[in-house]
Amino acid sequence: METASINISWQAQDVAFRARFPISDPVNGFFGRLHTVTVQPAKRISDGQPMFLFELTARGLIGEGSDFFDIGRKWIVRSFAELTTPAMHEVWGRRKE
């Protein structure tokens, strides 16, 4: 059986990025992760304009049931501020916390 010649151009159709960061402190040690920092291509529904989807998800467990929510939110807000540019802050209407 003869196979067709395969020509791989190595020109990616798109690119995505993902990273995870541990959440810890000196008293409790490790207790969660800024689990999903992803940047991936997307299209705006209203007009098909290309854009990037930027997701931050904090997961962890410390203290009673919902204690981690406040810590996770702080990590997400601070990470957004540090991982994006002032121009993006304007687009998002970021308020200084």
# chains A, B, ... in the order shown; residues from 1 in each chain; ligands from 1
call {"tool": "residues_around", "arguments": {"residues": "segment 73-79 of chain A", "least_positions_apart": "5", "cutoff": "9 Å", "atoms": "only C-alpha atoms", "output": "VMD selection string"}}
result
chain A and resid 23 34 56 to 58 68 84 97
call {"tool": "write_last_selection", "arguments": {"atoms": "N, CA, C and O atoms", "output": "PDB file, in the first residue's frame"}}
result
ATOM      1  N   ILE A  23      -0.589  28.198  45.720  1.00  0.00           N
ATOM      2  CA  ILE A  23      -1.026  29.205  46.681  1.00  0.00           C
ATOM      3  C   ILE A  23      -0.614  28.700  48.059  1.00  0.00           C
ATOM      4  O   ILE A  23      -0.983  27.604  48.465  1.00  0.00           O
ATOM      5  N   LEU A  34      -3.510  28.616  42.001  1.00  0.00           N
ATOM      6  CA  LEU A  34      -4.086  29.416  40.937  1.00  0.00           C
ATOM      7  C   LEU A  34      -3.998  28.422  39.791  1.00  0.00           C
ATOM      8  O   LEU A  34      -2.969  28.279  39.140  1.00  0.00           O
ATOM      9  N   LEU A  56      -8.615  32.744  34.743  1.00  0.00           N
ATOM     10  CA  LEU A  56      -7.907  32.525  36.006  1.00  0.00           C
ATOM     11  C   LEU A  56      -8.859  31.778  36.938  1.00  0.00           C
ATOM     12  O   LEU A  56      -9.983  32.232  37.157  1.00  0.00           O
ATOM     13  N   THR A  57      -8.416  30.653  37.479  1.00  0.00           N
ATOM     14  CA  THR A  57      -9.236  29.857  38.394  1.00  0.00           C
ATOM     15  C   THR A  57      -8.409  29.518  39.624  1.00  0.00           C
ATOM     16  O   THR A  57      -7.324  28.959  39.502  1.00  0.00           O
ATOM     17  N   ALA A  58      -8.915  29.859  40.795  1.00  0.00           N
ATOM     18  CA  ALA A  58      -8.232  29.513  42.043  1.00  0.00           C
ATOM     19  C   ALA A  58      -8.984  28.359  42.697  1.00  0.00           C
ATOM     20  O   ALA A  58     -10.211  28.398  42.821  1.00  0.00           O
ATOM     21  N   PHE A  68     -11.739  29.751  51.745  1.00  0.00           N
ATOM     22  CA  PHE A  68     -10.817  29.903  50.623  1.00  0.00           C
ATOM     23  C   PHE A  68     -11.314  30.915  49.595  1.00  0.00           C
ATOM     24  O   PHE A  68     -10.516  31.498  48.857  1.00  0.00           O
ATOM     25  N   THR A  84      -1.353  41.273  33.181  1.00  0.00           N
ATOM     26  CA  THR A  84      -1.893  42.049  32.070  1.00  0.00           C
ATOM     27  C   THR A  84      -1.328  43.466  32.083  1.00  0.00           C
ATOM     28  O   THR A  84      -0.756  43.911  33.067  1.00  0.00           O
ATOM     29  N   GLU A  97      -7.614  48.017  43.893  1.00  0.00           N
ATOM     30  CA  GLU A  97      -8.131  47.387  45.109  1.00  0.00           C
ATOM     31  C   GLU A  97      -7.288  47.716  46.306  1.00  0.00           C
ATOM     32  O   GLU A  97      -6.132  47.901  46.268  1.00  0.00           O
TER      33      GLU A  97
END
call {"tool": "atom_distance", "arguments": {"atom1": "atom CA of Ser46 of chain A", "atom2": "atom CA of Trp92 of chain A"}}
result
17.3 Å
call {"tool": "closest_residue", "arguments": {"among": "A:Val15, A:Ser9, A:Gly65, A:Glu90", "to": "Phe52 of chain A", "atoms": "only C-alpha atoms"}}
result
A:Val15
call {"tool": "select_by_dssp", "arguments": {"residues": "segment 36-83 of chain A", "states": "alpha helix (DSSP H)", "output": "list in words"}}
result
Asp67, Phe68, Phe69, Asp70, Ile71, Gly72, Arg73, Lys74, Trp75, Ile76, Val77, Arg78, Ser79, Phe80, Ala81, Glu82 and Leu83 of chain A
call {"tool": "write_last_selection", "arguments": {"atoms": "C-alpha atoms", "output": "CSV table (one decimal), in the first residue's frame"}}
result
chain,number,residue,atom,x,y,z
A,67,ASP,CA,-12.8,30.5,53.8
A,68,PHE,CA,-10.8,29.9,50.6
A,69,PHE,CA,-13.1,32.1,48.5
A,70,ASP,CA,-11.7,35.3,49.8
A,71,ILE,CA,-8.1,34.2,49.4
A,72,GLY,CA,-8.8,32.8,45.9
A,73,ARG,CA,-10.5,36.0,44.8
A,74,LYS,CA,-7.5,38.0,46.0
A,75,TRP,CA,-5.1,35.8,44.1
A,76,ILE,CA,-7.2,36.1,40.9
A,77,VAL,CA,-7.4,39.9,41.2
A,78,ARG,CA,-3.7,40.3,41.9
A,79,SER,CA,-2.7,37.9,39.2
A,80,PHE,CA,-4.9,39.6,36.6
A,81,ALA,CA,-3.2,42.9,37.6
A,82,GLU,CA,0.3,41.5,37.3
A,83,LEU,CA,-0.2,39.4,34.2
call {"tool": "residues_around", "arguments": {"residues": "Glu55 of chain A", "least_positions_apart": "3", "cutoff": "7 Å", "atoms": "only C-alpha atoms", "output": "number ranges by chain"}}
result
A: 36-39
call {"tool": "write_last_selection", "arguments": {"atoms": "N, CA, C and O atoms", "output": "PDB file, in the first residue's frame"}}
result
ATOM      1  N   THR A  36      -5.671  27.366  36.916  1.00  0.00           N
ATOM      2  CA  THR A  36      -5.701  27.450  35.470  1.00  0.00           C
ATOM      3  C   THR A  36      -5.501  28.880  35.038  1.00  0.00           C
ATOM      4  O   THR A  36      -6.379  29.704  35.207  1.00  0.00           O
ATOM      5  N   VAL A  37      -4.353  29.167  34.536  1.00  0.00           N
ATOM      6  CA  VAL A  37      -4.131  30.442  33.872  1.00  0.00           C
ATOM      7  C   VAL A  37      -4.023  30.063  32.405  1.00  0.00           C
ATOM      8  O   VAL A  37      -3.045  29.480  31.985  1.00  0.00           O
ATOM      9  N   THR A  38      -5.077  30.352  31.635  1.00  0.00           N
ATOM     10  CA  THR A  38      -5.050  29.995  30.225  1.00  0.00           C
ATOM     11  C   THR A  38      -5.266  31.230  29.362  1.00  0.00           C
ATOM     12  O   THR A  38      -5.992  32.140  29.734  1.00  0.00           O
ATOM     13  N   VAL A  39      -4.603  31.230  28.249  1.00  0.00           N
ATOM     14  CA  VAL A  39      -4.816  32.230  27.216  1.00  0.00           C
ATOM     15  C   VAL A  39      -5.004  31.444  25.932  1.00  0.00           C
ATOM     16  O   VAL A  39      -4.126  30.678  25.542  1.00  0.00           O
TER      17      VAL A  39
END
call {"tool": "residues_around", "arguments": {"residues": "Ser24 of chain A", "least_positions_apart": "5", "cutoff": "10 Å", "atoms": "only C-alpha atoms", "output": "PyMOL selection string"}}
result
chain A and resi 29-33+60
call {"tool": "atom_distance", "arguments": {"atom1": "atom CA of Lys96 of chain A", "atom2": "atom CA of Leu61 of chain A"}}
result
26.8 Å
call {"tool": "atom_distance", "arguments": {"atom1": "atom CA of Leu53 of chain A", "atom2": "atom CA of Asp14 of chain A"}}
result
12.7 Å
